[in-house]
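Colleague: One structure follows; several queries about it will come next.
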Amino acid sequence: MPTVQLGHQLALNENPYGPLPSVRAALTGALVAANRYPEFLPRRLPGLIAERLGYPPERVVVGAGATGVIMHILQEFVTPGAGVVMATPTFDGYPLLTDTVGGRVVEVPLTRDGHQDLAAMSAAVDQRTAVVVLCSPHNPTGTCVGHGAFAEFLERTDPSVTVVFDEAYIDFVPPGDRVDTAMLVERHPNLVVMRTFSKAYGLAALRVGYAFGSAPIITRIRRWQLPFGMTALAEAGVRACYAAEDELALRTETITQECARLASGLRDLGYRVPASAANFVYLAGCAPAELDRLRTVFTRDGIQVKHCTTGIRITVGDPAATAAVVSAAR
């Protein structure tokens, strides 16, 4: 049979290189027990993650990817008609899952340079707000929230409102630029920090997301977990990932360098591209006619990207993908 040409899959912010080699080997070895069920409710996996973070196990909850954790958070805290404040555009899962649980999506436009407008988001919180979502790096622009600005935001936010801080792309952010979430979760029991193994670690197919925070708030989230909802491969994959930090550092550096090359190539063509601390870039500020032209040429050239209302998000791929994107954009 002829090989199906998939082109360049740059729409879902996937890691283009797959699992790290040592992680792939560990997963292959774990397949011999694929006939056995995983834990009825996950205990070893959150315990493993908690140990790495320096927390007791009751302060970590896992889910089927970040999306699974988001769903459990919204199920617990959002009653019908309650507001969920978020930037727009943002990760599609937030408005979609808010609608699913009967919540009310409250959208706050990004600033012109692609940042979340924290002052406007604070102003959007009212007595019917249940949850506020911030992402750093933000999806789809790749911009980050600074520690001081986020700390001030938390101080302004009523403790009855759950604040979700989505760090799905944290592994691409230089350590000195990261928010000190460990300090902030101690000060704010309403803060939930969310991360995933889908991006830098390349385990998107295994669906391993997690969140950490105060024990009371994590206990409430955990009660929504489904029996046998996390695979045994997830535990094997996470354990191997934690043993492969040197490999991860090389992988993230490779992707970060390619991200800079892609952004530079697009800026040289005159496009406005916010500085991204993630594994994607965002073409911002395009006129509708230009967005339509780009949709046409990317489709023609077999380049799958994410089309948003205000621009186009492009996942960082390998050097060949970067060349294809820049050529199509030209």
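Ligands are numbered from 1 in the order shown, chains are lettered A, B, ... in the order of the structure tokens, and residues start at 1 in each chain.
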Tell me which protein, DNA and RNA residues are within 8 Å of Tyr201 in chain A, counting only C-alpha atoms, leaving out same-chain ones fewer than 3 positions away, and put them as a list in words.
Modeller: Asn15, Pro19, Leu20, Phe197, Ser198, Cys241 and Leu248 of chain A
Colleague: Could you pull the residues within 10 Å of range 54-56 of chain A, counting only C-alpha atoms, minus those fewer than 3 positions along the same chain, as a list in words?
Modeller: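 Those residues are Pro46, Gly47, Leu48, Ile49, Ala50, Glu51, Arg59, Val60, Ala182, Phe212, Gly213, Ser214 and Ala215 of chain A.
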Colleague: Determine the nearest neighbour of Gly63 in chain A from the options A:Arg239, A:Arg223, A:Arg261, A:His8, counting only C-alpha atoms.
Modeller: A:Arg223
Colleague: Near Ala151 in chain A, within 12 Å and counting only C-alpha atoms, which residues show up once chain neighbours fewer than 3 positions away are dropped, as a VMD selection string?
Modeller: chain A and resid 118 145 to 148 154 to 157 163 165 179 to 188 191
Colleague: When you count only C-alpha atoms, which of these residues is closest to Val326 in chain A: A:Asp171, A:Asp268, A:Asp99, A:Asp158?
Modeller: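 Among the listed residues, the smallest separation from Val326 in chain A belongs to A:Asp268.
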Colleague: Report the residues of range 100-298 of chain A whose backbone DSSP state falls under strand (DSSP E), written as a VMD selection string.
Modeller: chain A and resid 104 to 109 129 to 135 162 to 166 191 to 196 208 to 213 280 to 284
